[in-house]
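Colleague: So that we are looking at the same thing, I have put the structure below in structure tokens.
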Protein chains: 2
Amino acid sequence: MNATHKRVRTAHEKENCKVVVEMLSRIGDKWTVMVVGALSEGTMRYTELQRSIDGISQRMLTLTLKGLEEDGLVARTVHPTIPPRVEYTLTPMGRTLTKPLFALYQWTMEHRPAMLEARKAYAKAAAKKTG
Amino acid sequence: MNATHKRVRTAHEKENCKVVVEMLSRIGDKWTVMVVGALSEGTMRYTELQRSIDGISQRMLTLTLKGLEEDGLVARTVHPTIPPRVEYTLTPMGRTLTKPLFALYQWTMEHRPAMLEARKAYAKAAAKKTG
DNA sequence: CGGTATCCACTACGATACTG
DNA sequence: CAGTATCGTAGTGGATACCG
């Protein structure tokens, strides 16, 4: 609180917002969330991931895994056998990410129906104006 | 827990993952988070938002606000004065969104240093390989 | 003031082909 | 099996100009 009528400083001040945005751009994209989700169930091989994540291309799987590895969220282990066996697993830090992701999941489940409703209502209102 | 060595069913099963992804694609993008962050401090006018969100274009501000309004997360109030005065505010549902966003913010603050470290280490390791 | 409309650059991504 | 390399395209978003 301060003496003026103005706001208190919250977590949503500009600077703080930017780091969330920065994070979201790295971990909040479609494929990254899917990969983290898949790996949250345990270690997986490249092809397993590809099969378990519907619609992902080799290119995107590779890029996504590289990004996660670069950020220290996923560990890559190569078993130098023939044929090669490469396993991916969440690092301890990577595992902690599932918690806020789960918070988002809960929020989603709780509010998705209302949002879908809102969208229908919005569409209806727009249609009324147009037609 | 179940009898097999396999996983228990978690929030990260494919289907559930998809709704999180779907949500993220609507509320997880750069500008949406910035707008929600700005509005978490209270009602704001269009131009105020534009000034407070660094680098946003009119186009994106308008599109983002429309999206949020469509989803029932932001309410738009037009005061038919001259010059016009349009105010945006988070709906009750919109305000609940700040909570999981805050969880993400906390995670970010906690793990960002480690991630930056990891990235440096990764870059160094890559450089060593290349020569 | 609070937008809309148009254009255009950039990039993200899928498809495809090839490799150790 | 686990990738890399290349290409074409569709969508994203900034810049600019204009409107009620």
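Ordering of the structure tokens sets the chain letters (A, B, ...); residue numbers start at 1 within each chain; ligands are numbered from 1 in the order shown.
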After a least-squares superposition on chain A using every in-order C-alpha pair, I'd like chain B written out as a short mmCIF file (atom, residue, chain, number, x, y, z; two decimals) with N, CA, C and O atoms, in the first residue's frame.

Modeller:
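The new file out26.cif reads:
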```cif
data_model
loop_
_atom_site.label_atom_id
_atom_site.label_comp_id
_atom_site.auth_asym_id
_atom_site.auth_seq_id
_atom_site.Cartn_x
_atom_site.Cartn_y
_atom_site.Cartn_z
N MET B 1 -0.91 -2.37 0.08
CA MET B 1 -1.68 -1.13 0.22
C MET B 1 -0.73 0.04 0.36
O MET B 1 0.24 0.01 1.10
N ASN B 2 -1.07 1.15 -0.26
CA ASN B 2 -0.35 2.36 0.05
C ASN B 2 -1.31 3.53 0.12
O ASN B 2 -2.51 3.41 -0.14
N ALA B 3 -0.80 4.66 0.46
CA ALA B 3 -1.66 5.81 0.80
C ALA B 3 -2.46 6.35 -0.39
O ALA B 3 -3.57 6.82 -0.23
N THR B 4 -1.88 6.28 -1.57
CA THR B 4 -2.60 6.78 -2.73
C THR B 4 -3.68 5.79 -3.15
O THR B 4 -3.75 4.68 -2.63
N HIS B 5 -4.50 6.22 -4.08
CA HIS B 5 -5.53 5.31 -4.57
C HIS B 5 -4.95 4.31 -5.56
O HIS B 5 -5.63 3.44 -6.04
N LYS B 6 -3.69 4.46 -5.85
CA LYS B 6 -3.08 3.64 -6.88
C LYS B 6 -2.75 2.24 -6.39
O LYS B 6 -2.73 1.95 -5.21
N ARG B 7 -2.46 1.43 -7.33
CA ARG B 7 -2.17 0.02 -7.15
C ARG B 7 -0.98 -0.24 -6.25
O ARG B 7 -0.07 0.57 -6.15
N VAL B 8 -0.98 -1.41 -5.63
CA VAL B 8 0.24 -1.89 -5.00
C VAL B 8 1.06 -2.55 -6.10
O VAL B 8 0.56 -2.86 -7.16
N ARG B 9 2.29 -2.73 -5.83
CA ARG B 9 3.14 -3.39 -6.82
C ARG B 9 2.85 -4.89 -6.81
O ARG B 9 2.95 -5.53 -5.78
N THR B 10 2.49 -5.40 -7.95
CA THR B 10 2.16 -6.83 -8.03
C THR B 10 3.14 -7.53 -8.94
O THR B 10 4.07 -6.92 -9.46
N ALA B 11 2.88 -8.80 -9.12
CA ALA B 11 3.73 -9.59 -10.00
C ALA B 11 3.50 -9.23 -11.46
O ALA B 11 4.18 -9.73 -12.34
N HIS B 12 2.57 -8.36 -11.70
CA HIS B 12 2.22 -8.10 -13.09
C HIS B 12 2.80 -6.79 -13.63
O HIS B 12 2.43 -6.34 -14.69
N GLU B 13 3.67 -6.21 -12.89
CA GLU B 13 4.38 -5.04 -13.42
C GLU B 13 5.06 -5.44 -14.71
O GLU B 13 5.39 -6.59 -14.94
N LYS B 14 5.27 -4.43 -15.54
CA LYS B 14 5.81 -4.66 -16.87
C LYS B 14 6.98 -5.63 -16.92
O LYS B 14 6.97 -6.62 -17.63
N GLU B 15 7.99 -5.34 -16.14
CA GLU B 15 9.22 -6.15 -16.21
C GLU B 15 8.94 -7.60 -15.89
O GLU B 15 9.42 -8.51 -16.55
N ASN B 16 8.16 -7.80 -14.83
CA ASN B 16 7.85 -9.16 -14.40
C ASN B 16 7.02 -9.88 -15.44
O ASN B 16 7.21 -11.07 -15.70
N CYS B 17 6.12 -9.14 -16.03
CA CYS B 17 5.30 -9.70 -17.09
C CYS B 17 6.18 -10.25 -18.21
O CYS B 17 5.92 -11.30 -18.76
N LYS B 18 7.22 -9.50 -18.51
CA LYS B 18 8.07 -9.89 -19.62
C LYS B 18 8.75 -11.24 -19.40
O LYS B 18 8.92 -12.00 -20.34
N VAL B 19 9.14 -11.51 -18.16
CA VAL B 19 9.79 -12.79 -17.94
C VAL B 19 8.80 -13.94 -18.07
O VAL B 19 9.16 -15.03 -18.53
N VAL B 20 7.57 -13.69 -17.67
CA VAL B 20 6.55 -14.73 -17.86
C VAL B 20 6.35 -14.97 -19.35
O VAL B 20 6.30 -16.11 -19.82
N VAL B 21 6.25 -13.87 -20.09
CA VAL B 21 6.08 -13.97 -21.53
C VAL B 21 7.25 -14.71 -22.16
O VAL B 21 7.07 -15.59 -23.00
N GLU B 22 8.44 -14.35 -21.72
CA GLU B 22 9.65 -14.99 -22.23
C GLU B 22 9.60 -16.50 -21.96
O GLU B 22 9.90 -17.31 -22.84
N MET B 23 9.20 -16.85 -20.74
CA MET B 23 9.07 -18.26 -20.38
C MET B 23 8.03 -18.97 -21.25
O MET B 23 8.26 -20.05 -21.76
N LEU B 24 6.88 -18.31 -21.36
CA LEU B 24 5.80 -18.91 -22.13
C LEU B 24 6.21 -19.18 -23.57
O LEU B 24 5.82 -20.17 -24.16
N SER B 25 7.03 -18.28 -24.11
CA SER B 25 7.45 -18.48 -25.49
C SER B 25 8.37 -19.69 -25.62
O SER B 25 8.51 -20.26 -26.68
N ARG B 26 8.98 -20.09 -24.50
CA ARG B 26 9.85 -21.26 -24.56
C ARG B 26 9.14 -22.53 -24.12
O ARG B 26 9.33 -23.60 -24.70
N ILE B 27 8.37 -22.42 -23.07
CA ILE B 27 7.77 -23.64 -22.51
C ILE B 27 6.26 -23.72 -22.72
O ILE B 27 5.65 -24.73 -22.42
N GLY B 28 5.67 -22.63 -23.26
CA GLY B 28 4.22 -22.60 -23.35
C GLY B 28 3.69 -22.99 -24.72
O GLY B 28 2.49 -22.98 -24.92
N ASP B 29 4.57 -23.34 -25.63
CA ASP B 29 4.04 -23.70 -26.94
C ASP B 29 3.51 -25.12 -26.94
O ASP B 29 3.85 -25.94 -26.11
N LYS B 30 2.65 -25.33 -27.90
CA LYS B 30 1.95 -26.59 -28.07
C LYS B 30 2.79 -27.83 -27.82
O LYS B 30 2.53 -28.60 -26.91
N TRP B 31 3.82 -28.00 -28.62
CA TRP B 31 4.56 -29.26 -28.56
C TRP B 31 5.36 -29.43 -27.28
O TRP B 31 5.50 -30.54 -26.76
N THR B 32 5.89 -28.33 -26.76
CA THR B 32 6.66 -28.42 -25.53
C THR B 32 5.80 -28.93 -24.38
O THR B 32 6.20 -29.82 -23.63
N VAL B 33 4.60 -28.39 -24.28
CA VAL B 33 3.69 -28.85 -23.23
C VAL B 33 3.34 -30.32 -23.42
O VAL B 33 3.30 -31.09 -22.46
N MET B 34 3.13 -30.72 -24.67
CA MET B 34 2.79 -32.11 -24.94
C MET B 34 3.94 -33.04 -24.56
O MET B 34 3.72 -34.11 -24.00
N VAL B 35 5.16 -32.61 -24.89
CA VAL B 35 6.33 -33.45 -24.59
C VAL B 35 6.53 -33.55 -23.07
O VAL B 35 6.75 -34.64 -22.54
N VAL B 36 6.44 -32.42 -22.40
CA VAL B 36 6.58 -32.44 -20.94
C VAL B 36 5.49 -33.31 -20.34
O VAL B 36 5.74 -34.12 -19.44
N GLY B 37 4.29 -33.18 -20.86
CA GLY B 37 3.18 -34.00 -20.38
C GLY B 37 3.46 -35.49 -20.56
O GLY B 37 3.27 -36.29 -19.65
N ALA B 38 3.96 -35.84 -21.74
CA ALA B 38 4.28 -37.24 -22.01
C ALA B 38 5.38 -37.73 -21.08
O ALA B 38 5.28 -38.81 -20.49
N LEU B 39 6.41 -36.93 -20.93
CA LEU B 39 7.55 -37.34 -20.12
C LEU B 39 7.23 -37.32 -18.62
O LEU B 39 7.95 -37.91 -17.82
N SER B 40 6.16 -36.64 -18.25
CA SER B 40 5.79 -36.61 -16.83
C SER B 40 5.39 -38.02 -16.36
O SER B 40 5.36 -38.29 -15.17
N GLU B 41 5.13 -38.88 -17.33
CA GLU B 41 4.78 -40.25 -16.98
C GLU B 41 6.00 -41.13 -16.84
O GLU B 41 5.89 -42.29 -16.45
N GLY B 42 7.14 -40.60 -17.21
CA GLY B 42 8.36 -41.38 -17.08
C GLY B 42 9.25 -41.28 -18.30
O GLY B 42 8.91 -40.62 -19.29
N THR B 43 10.40 -41.93 -18.24
CA THR B 43 11.36 -41.93 -19.33
C THR B 43 10.75 -42.52 -20.60
O THR B 43 9.98 -43.46 -20.53
N MET B 44 11.08 -41.91 -21.72
CA MET B 44 10.58 -42.43 -22.99
C MET B 44 11.64 -42.33 -24.07
O MET B 44 12.50 -41.46 -24.02
N ARG B 45 11.53 -43.22 -25.04
CA ARG B 45 12.42 -43.17 -26.19
C ARG B 45 11.84 -42.24 -27.24
O ARG B 45 10.66 -41.89 -27.22
N TYR B 46 12.70 -41.86 -28.17
CA TYR B 46 12.29 -40.94 -29.23
C TYR B 46 11.02 -41.42 -29.94
O TYR B 46 10.04 -40.67 -30.05
N THR B 47 11.02 -42.63 -30.37
CA THR B 47 9.89 -43.14 -31.14
C THR B 47 8.64 -43.29 -30.28
O THR B 47 7.53 -43.10 -30.77
N GLU B 48 8.84 -43.63 -29.02
CA GLU B 48 7.70 -43.70 -28.11
C GLU B 48 7.03 -42.35 -28.00
O GLU B 48 5.79 -42.25 -28.04
N LEU B 49 7.85 -41.31 -27.85
CA LEU B 49 7.32 -39.95 -27.77
C LEU B 49 6.53 -39.62 -29.03
O LEU B 49 5.41 -39.11 -28.97
N GLN B 50 7.15 -39.95 -30.14
CA GLN B 50 6.52 -39.65 -31.42
C GLN B 50 5.16 -40.33 -31.54
O GLN B 50 4.20 -39.73 -32.02
N ARG B 51 5.09 -41.55 -31.08
CA ARG B 51 3.82 -42.28 -31.15
C ARG B 51 2.82 -41.72 -30.15
O ARG B 51 1.62 -41.63 -30.43
N SER B 52 3.30 -41.35 -28.97
CA SER B 52 2.37 -40.95 -27.92
C SER B 52 1.86 -39.52 -28.09
O SER B 52 0.84 -39.15 -27.53
N ILE B 53 2.59 -38.73 -28.88
CA ILE B 53 2.14 -37.36 -29.10
C ILE B 53 1.52 -37.26 -30.48
O ILE B 53 2.21 -37.26 -31.49
N ASP B 54 0.24 -37.15 -30.46
CA ASP B 54 -0.54 -37.23 -31.69
C ASP B 54 -0.24 -36.06 -32.62
O ASP B 54 -0.40 -34.90 -32.25
N GLY B 55 0.22 -36.38 -33.81
CA GLY B 55 0.36 -35.35 -34.84
C GLY B 55 1.69 -34.64 -34.87
O GLY B 55 1.88 -33.76 -35.71
N ILE B 56 2.60 -34.97 -33.99
CA ILE B 56 3.89 -34.28 -34.00
C ILE B 56 4.77 -34.81 -35.13
O ILE B 56 4.78 -36.01 -35.42
N SER B 57 5.46 -33.89 -35.78
CA SER B 57 6.36 -34.29 -36.86
C SER B 57 7.74 -34.56 -36.26
O SER B 57 8.06 -34.09 -35.17
N GLN B 58 8.55 -35.31 -36.97
CA GLN B 58 9.92 -35.59 -36.49
C GLN B 58 10.65 -34.29 -36.23
O GLN B 58 11.32 -34.12 -35.21
N ARG B 59 10.51 -33.41 -37.18
CA ARG B 59 11.16 -32.10 -37.06
C ARG B 59 10.84 -31.42 -35.74
O ARG B 59 11.72 -31.01 -34.99
N MET B 60 9.54 -31.31 -35.44
CA MET B 60 9.14 -30.60 -34.24
C MET B 60 9.51 -31.37 -32.97
O MET B 60 9.86 -30.78 -31.96
N LEU B 61 9.42 -32.69 -33.02
CA LEU B 61 9.82 -33.46 -31.85
C LEU B 61 11.29 -33.22 -31.54
O LEU B 61 11.67 -32.93 -30.41
N THR B 62 12.10 -33.29 -32.57
CA THR B 62 13.53 -33.05 -32.39
C THR B 62 13.81 -31.65 -31.87
O THR B 62 14.54 -31.47 -30.89
N LEU B 63 13.20 -30.66 -32.51
CA LEU B 63 13.42 -29.28 -32.10
C LEU B 63 12.96 -29.05 -30.66
O LEU B 63 13.64 -28.40 -29.87
N THR B 64 11.80 -29.59 -30.34
CA THR B 64 11.25 -29.40 -29.00
C THR B 64 12.14 -30.05 -27.95
O THR B 64 12.45 -29.43 -26.92
N LEU B 65 12.58 -31.26 -28.23
CA LEU B 65 13.45 -31.96 -27.28
C LEU B 65 14.77 -31.21 -27.11
O LEU B 65 15.29 -31.08 -26.01
N LYS B 66 15.30 -30.71 -28.21
CA LYS B 66 16.55 -29.93 -28.15
C LYS B 66 16.38 -28.71 -27.25
O LYS B 66 17.24 -28.41 -26.42
N GLY B 67 15.27 -28.02 -27.45
CA GLY B 67 14.99 -26.84 -26.64
C GLY B 67 14.90 -27.17 -25.17
O GLY B 67 15.50 -26.49 -24.32
N LEU B 68 14.19 -28.23 -24.87
CA LEU B 68 14.03 -28.63 -23.48
C LEU B 68 15.36 -29.07 -22.87
O LEU B 68 15.64 -28.81 -21.70
N GLU B 69 16.15 -29.74 -23.69
CA GLU B 69 17.46 -30.19 -23.21
C GLU B 69 18.36 -28.98 -22.97
O GLU B 69 19.04 -28.91 -21.94
N GLU B 70 18.29 -28.04 -23.87
CA GLU B 70 19.09 -26.83 -23.75
C GLU B 70 18.75 -26.07 -22.46
O GLU B 70 19.63 -25.51 -21.82
N ASP B 71 17.47 -26.09 -22.12
CA ASP B 71 17.03 -25.38 -20.92
C ASP B 71 17.23 -26.19 -19.65
O ASP B 71 16.87 -25.76 -18.55
N GLY B 72 17.75 -27.39 -19.81
CA GLY B 72 18.01 -28.22 -18.63
C GLY B 72 16.76 -28.84 -18.05
O GLY B 72 16.73 -29.23 -16.88
N LEU B 73 15.72 -28.94 -18.86
CA LEU B 73 14.46 -29.50 -18.37
C LEU B 73 14.31 -30.98 -18.72
O LEU B 73 13.54 -31.69 -18.10
N VAL B 74 15.06 -31.39 -19.72
CA VAL B 74 15.01 -32.78 -20.16
C VAL B 74 16.44 -33.29 -20.30
O VAL B 74 17.32 -32.58 -20.77
N ALA B 75 16.66 -34.52 -19.89
CA ALA B 75 17.97 -35.15 -20.06
C ALA B 75 17.89 -36.19 -21.17
O ALA B 75 16.91 -36.93 -21.27
N ARG B 76 18.92 -36.21 -21.99
CA ARG B 76 18.98 -37.12 -23.13
C ARG B 76 20.09 -38.14 -22.89
O ARG B 76 21.23 -37.77 -22.63
N THR B 77 19.73 -39.40 -22.96
CA THR B 77 20.72 -40.45 -22.74
C THR B 77 20.80 -41.35 -23.96
O THR B 77 19.80 -41.93 -24.38
N VAL B 78 22.01 -41.46 -24.49
CA VAL B 78 22.22 -42.31 -25.66
C VAL B 78 22.83 -43.63 -25.23
O VAL B 78 23.88 -43.65 -24.58
N HIS B 79 22.18 -44.73 -25.58
CA HIS B 79 22.76 -46.05 -25.35
C HIS B 79 23.35 -46.51 -26.66
O HIS B 79 22.62 -46.76 -27.61
N PRO B 80 24.67 -46.61 -26.72
CA PRO B 80 25.34 -46.87 -27.99
C PRO B 80 25.24 -48.32 -28.42
O PRO B 80 26.23 -49.02 -28.54
N THR B 81 24.02 -48.75 -28.60
CA THR B 81 23.77 -50.12 -29.05
C THR B 81 23.36 -50.07 -30.52
O THR B 81 23.23 -49.01 -31.11
N ILE B 82 23.18 -51.26 -31.08
CA ILE B 82 22.63 -51.31 -32.44
C ILE B 82 21.38 -52.18 -32.43
O ILE B 82 21.46 -53.35 -32.07
N PRO B 83 20.23 -51.57 -32.77
CA PRO B 83 20.02 -50.17 -33.16
C PRO B 83 20.15 -49.24 -31.97
O PRO B 83 19.99 -49.67 -30.84
N PRO B 84 20.45 -47.97 -32.23
CA PRO B 84 20.62 -47.01 -31.14
C PRO B 84 19.37 -46.89 -30.28
O PRO B 84 18.26 -47.12 -30.75
N ARG B 85 19.59 -46.56 -29.05
CA ARG B 85 18.49 -46.36 -28.11
C ARG B 85 18.72 -45.06 -27.38
O ARG B 85 19.70 -44.91 -26.65
N VAL B 86 17.82 -44.10 -27.60
CA VAL B 86 17.95 -42.78 -26.98
C VAL B 86 16.77 -42.55 -26.06
O VAL B 86 15.62 -42.63 -26.48
N GLU B 87 17.08 -42.26 -24.82
CA GLU B 87 16.01 -42.06 -23.85
C GLU B 87 15.96 -40.62 -23.36
O GLU B 87 16.99 -40.00 -23.11
N TYR B 88 14.74 -40.16 -23.22
CA TYR B 88 14.52 -38.81 -22.71
C TYR B 88 13.78 -38.89 -21.39
O TYR B 88 12.86 -39.68 -21.23
N THR B 89 14.20 -38.03 -20.47
CA THR B 89 13.54 -38.00 -19.17
C THR B 89 13.57 -36.58 -18.62
O THR B 89 14.46 -35.79 -18.93
N LEU B 90 12.57 -36.26 -17.83
CA LEU B 90 12.56 -34.94 -17.20
C LEU B 90 13.64 -34.87 -16.15
O LEU B 90 13.84 -35.81 -15.38
N THR B 91 14.36 -33.77 -16.10
CA THR B 91 15.31 -33.54 -15.02
C THR B 91 14.49 -33.16 -13.78
O THR B 91 13.30 -32.91 -13.87
N PRO B 92 15.14 -33.11 -12.62
CA PRO B 92 14.42 -32.65 -11.43
C PRO B 92 13.75 -31.30 -11.66
O PRO B 92 12.59 -31.10 -11.31
N MET B 93 14.47 -30.39 -12.30
CA MET B 93 13.88 -29.08 -12.60
C MET B 93 12.69 -29.24 -13.55
O MET B 93 11.66 -28.60 -13.37
N GLY B 94 12.85 -30.10 -14.53
CA GLY B 94 11.77 -30.34 -15.46
C GLY B 94 10.52 -30.84 -14.77
O GLY B 94 9.40 -30.48 -15.14
N ARG B 95 10.74 -31.68 -13.77
CA ARG B 95 9.59 -32.22 -13.05
C ARG B 95 8.85 -31.13 -12.28
O ARG B 95 7.63 -31.19 -12.13
N THR B 96 9.59 -30.13 -11.80
CA THR B 96 8.92 -29.06 -11.06
C THR B 96 7.99 -28.25 -11.97
O THR B 96 7.05 -27.62 -11.50
N LEU B 97 8.30 -28.29 -13.26
CA LEU B 97 7.48 -27.54 -14.20
C LEU B 97 6.06 -28.10 -14.29
O LEU B 97 5.11 -27.38 -14.61
N THR B 98 5.93 -29.36 -13.99
CA THR B 98 4.60 -29.97 -14.11
C THR B 98 3.63 -29.37 -13.10
O THR B 98 2.43 -29.41 -13.31
N LYS B 99 4.17 -28.81 -12.04
CA LYS B 99 3.27 -28.24 -11.03
C LYS B 99 2.52 -27.01 -11.52
O LYS B 99 1.28 -27.00 -11.50
N PRO B 100 3.21 -25.95 -11.98
CA PRO B 100 2.45 -24.82 -12.54
C PRO B 100 1.63 -25.20 -13.76
O PRO B 100 0.56 -24.63 -13.99
N LEU B 101 2.12 -26.17 -14.51
CA LEU B 101 1.35 -26.64 -15.65
C LEU B 101 0.06 -27.29 -15.17
O LEU B 101 -1.00 -27.15 -15.79
N PHE B 102 0.17 -27.97 -14.04
CA PHE B 102 -1.01 -28.61 -13.47
C PHE B 102 -1.99 -27.56 -12.95
O PHE B 102 -3.21 -27.72 -13.07
N ALA B 103 -1.45 -26.48 -12.39
CA ALA B 103 -2.31 -25.39 -11.94
C ALA B 103 -3.11 -24.83 -13.12
O ALA B 103 -4.30 -24.56 -13.01
N LEU B 104 -2.41 -24.71 -14.24
CA LEU B 104 -3.06 -24.23 -15.45
C LEU B 104 -4.11 -25.23 -15.92
O LEU B 104 -5.20 -24.85 -16.38
N TYR B 105 -3.77 -26.47 -15.80
CA TYR B 105 -4.71 -27.52 -16.18
C TYR B 105 -5.98 -27.46 -15.33
O TYR B 105 -7.09 -27.54 -15.84
N GLN B 106 -5.79 -27.24 -14.04
CA GLN B 106 -6.94 -27.14 -13.15
C GLN B 106 -7.80 -25.92 -13.48
O GLN B 106 -9.03 -26.00 -13.49
N TRP B 107 -7.13 -24.82 -13.72
CA TRP B 107 -7.86 -23.63 -14.10
C TRP B 107 -8.66 -23.89 -15.37
O TRP B 107 -9.83 -23.52 -15.47
N THR B 108 -8.01 -24.54 -16.31
CA THR B 108 -8.66 -24.86 -17.57
C THR B 108 -9.93 -25.68 -17.35
O THR B 108 -10.99 -25.35 -17.88
N MET B 109 -9.78 -26.75 -16.59
CA MET B 109 -10.93 -27.62 -16.37
C MET B 109 -12.05 -26.87 -15.67
O MET B 109 -13.22 -27.11 -15.94
N GLU B 110 -11.67 -25.96 -14.81
CA GLU B 110 -12.69 -25.25 -14.04
C GLU B 110 -13.43 -24.21 -14.90
O GLU B 110 -14.62 -24.02 -14.76
N HIS B 111 -12.69 -23.58 -15.81
CA HIS B 111 -13.28 -22.44 -16.50
C HIS B 111 -13.58 -22.68 -17.98
O HIS B 111 -14.19 -21.82 -18.63
N ARG B 112 -13.16 -23.81 -18.48
CA ARG B 112 -13.40 -24.08 -19.90
C ARG B 112 -14.88 -24.04 -20.27
O ARG B 112 -15.25 -23.41 -21.27
N PRO B 113 -15.73 -24.67 -19.48
CA PRO B 113 -17.14 -24.63 -19.84
C PRO B 113 -17.66 -23.20 -19.94
O PRO B 113 -18.35 -22.84 -20.90
N ALA B 114 -17.30 -22.37 -18.96
CA ALA B 114 -17.75 -20.98 -18.96
C ALA B 114 -17.21 -20.24 -20.18
O ALA B 114 -17.90 -19.42 -20.78
N MET B 115 -15.98 -20.53 -20.55
CA MET B 115 -15.39 -19.87 -21.70
C MET B 115 -16.09 -20.28 -23.00
O MET B 115 -16.35 -19.45 -23.86
N LEU B 116 -16.40 -21.56 -23.10
CA LEU B 116 -17.11 -22.02 -24.29
C LEU B 116 -18.49 -21.37 -24.36
O LEU B 116 -18.93 -20.94 -25.43
N GLU B 117 -19.15 -21.26 -23.22
CA GLU B 117 -20.43 -20.57 -23.13
C GLU B 117 -20.28 -19.13 -23.60
O GLU B 117 -21.05 -18.64 -24.42
N ALA B 118 -19.29 -18.46 -23.04
CA ALA B 118 -19.05 -17.05 -23.36
C ALA B 118 -18.84 -16.88 -24.86
O ALA B 118 -19.35 -15.94 -25.46
N ARG B 119 -18.14 -17.82 -25.45
CA ARG B 119 -17.85 -17.71 -26.87
C ARG B 119 -19.12 -17.87 -27.69
O ARG B 119 -19.32 -17.16 -28.68
N LYS B 120 -19.96 -18.80 -27.25
CA LYS B 120 -21.25 -18.97 -27.95
C LYS B 120 -22.08 -17.70 -27.84
O LYS B 120 -22.65 -17.23 -28.82
N ALA B 121 -22.14 -17.16 -26.64
CA ALA B 121 -22.92 -15.94 -26.41
C ALA B 121 -22.37 -14.80 -27.25
O ALA B 121 -23.13 -14.05 -27.86
N TYR B 122 -21.06 -14.70 -27.32
CA TYR B 122 -20.41 -13.66 -28.11
C TYR B 122 -20.76 -13.80 -29.58
O TYR B 122 -21.09 -12.82 -30.26
N ALA B 123 -20.71 -15.02 -30.07
CA ALA B 123 -21.02 -15.29 -31.47
C ALA B 123 -22.47 -14.92 -31.75
O ALA B 123 -22.78 -14.32 -32.79
N LYS B 124 -23.35 -15.26 -30.82
CA LYS B 124 -24.76 -14.97 -30.99
C LYS B 124 -24.99 -13.46 -31.03
O LYS B 124 -25.72 -12.95 -31.88
N ALA B 125 -24.34 -12.75 -30.11
CA ALA B 125 -24.47 -11.29 -30.07
C ALA B 125 -23.95 -10.67 -31.36
O ALA B 125 -24.57 -9.75 -31.91
N ALA B 126 -22.85 -11.18 -31.86
CA ALA B 126 -22.27 -10.67 -33.10
C ALA B 126 -23.22 -10.93 -34.27
O ALA B 126 -23.40 -10.07 -35.14
N ALA B 127 -23.83 -12.10 -34.29
CA ALA B 127 -24.76 -12.46 -35.36
C ALA B 127 -25.96 -11.51 -35.37
O ALA B 127 -26.42 -11.09 -36.43
N LYS B 128 -26.44 -11.18 -34.18
CA LYS B 128 -27.59 -10.29 -34.06
C LYS B 128 -27.28 -8.92 -34.66
O LYS B 128 -28.08 -8.35 -35.37
N LYS B 129 -26.08 -8.44 -34.38
CA LYS B 129 -25.66 -7.15 -34.92
C LYS B 129 -25.63 -7.18 -36.44
O LYS B 129 -26.15 -6.31 -37.11
N THR B 130 -24.99 -8.22 -36.96
CA THR B 130 -24.84 -8.34 -38.41
C THR B 130 -26.20 -8.48 -39.09
O THR B 130 -26.40 -8.01 -40.19
N GLY B 131 -27.10 -9.12 -38.44
CA GLY B 131 -28.42 -9.30 -39.00
C GLY B 131 -28.69 -10.77 -39.20
O GLY B 131 -29.55 -11.15 -39.92
#
```

Colleague: Fewer than 2 positions away in the same chain doesn't count, so skip those; otherwise give me all residues within 10 Å of C:DA17, counting only C-alpha atoms (C1' of nucleotides), as a list in words.

Modeller: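 Contacts, in chain order: DA15 of chain C; DA5 and DT6 of chain D.
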
Colleague: When DSSP is applied to the backbone of this structure, which of chain A are assigned strand (DSSP E)? Write them out as a PyMOL selection string.

Modeller: chain A and resi 44-45+74-79+85-90

Colleague: Could you list, as a list in words, the residues of chain C having an atom within 12 Å of chain A when counting only C-alpha atoms (C1' of nucleotides)?

Modeller: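 On the chain C side, the interface is DA12, DC13, DG14, DA15, DT16 and DG20 of chain C.
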
Colleague: Quick one: write out the picked residues with N, CA, C and O atoms (P, O5', C5', C4', C3', O3' and C1' of nucleotides) as a CSV table (one decimal), in the first residue's frame?

Modeller:
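Dumped everything to part-v2.csv:
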```csv
chain,number,residue,atom,x,y,z
C,12,DA,P,10.2,-18.6,-35.3
C,12,DA,O5',9.0,-19.6,-34.9
C,12,DA,C5',7.6,-19.1,-35.1
C,12,DA,C4',6.9,-20.2,-35.8
C,12,DA,C3',7.3,-21.6,-35.4
C,12,DA,O3',6.1,-22.3,-35.0
C,12,DA,C1',7.1,-21.4,-37.8
C,13,DC,P,6.1,-23.7,-34.3
C,13,DC,O5',5.8,-24.7,-35.5
C,13,DC,C5',4.5,-24.5,-36.2
C,13,DC,C4',4.6,-25.3,-37.5
C,13,DC,C3',5.1,-26.7,-37.3
C,13,DC,O3',3.9,-27.6,-37.4
C,13,DC,C1',5.9,-25.7,-39.3
C,14,DG,P,4.0,-29.1,-37.3
C,14,DG,O5',3.8,-29.6,-38.8
C,14,DG,C5',2.7,-29.1,-39.5
C,14,DG,C4',2.7,-29.6,-41.0
C,14,DG,C3',3.0,-31.1,-41.1
C,14,DG,O3',2.2,-31.6,-42.2
C,14,DG,C1',4.8,-29.9,-42.1
C,15,DA,P,2.2,-33.2,-42.6
C,15,DA,O5',3.2,-33.2,-43.9
C,15,DA,C5',3.0,-32.2,-44.9
C,15,DA,C4',4.0,-32.5,-46.0
C,15,DA,C3',4.3,-34.0,-46.3
C,15,DA,O3',4.3,-34.3,-47.7
C,15,DA,C1',6.3,-32.8,-45.8
C,16,DT,P,4.5,-35.7,-48.2
C,16,DT,O5',6.0,-35.8,-48.6
C,16,DT,C5',6.6,-34.7,-49.3
C,16,DT,C4',8.1,-34.9,-49.4
C,16,DT,C3',8.6,-36.3,-49.5
C,16,DT,O3',9.3,-36.4,-50.7
C,16,DT,C1',9.8,-35.1,-47.9
C,20,DG,P,26.5,-40.7,-43.4
C,20,DG,O5',26.9,-41.1,-41.9
C,20,DG,C5',26.6,-40.2,-40.8
C,20,DG,C4',26.4,-41.0,-39.6
C,20,DG,C3',27.3,-42.2,-39.4
C,20,DG,O3',27.7,-42.3,-38.0
C,20,DG,C1',25.1,-42.9,-39.4
```
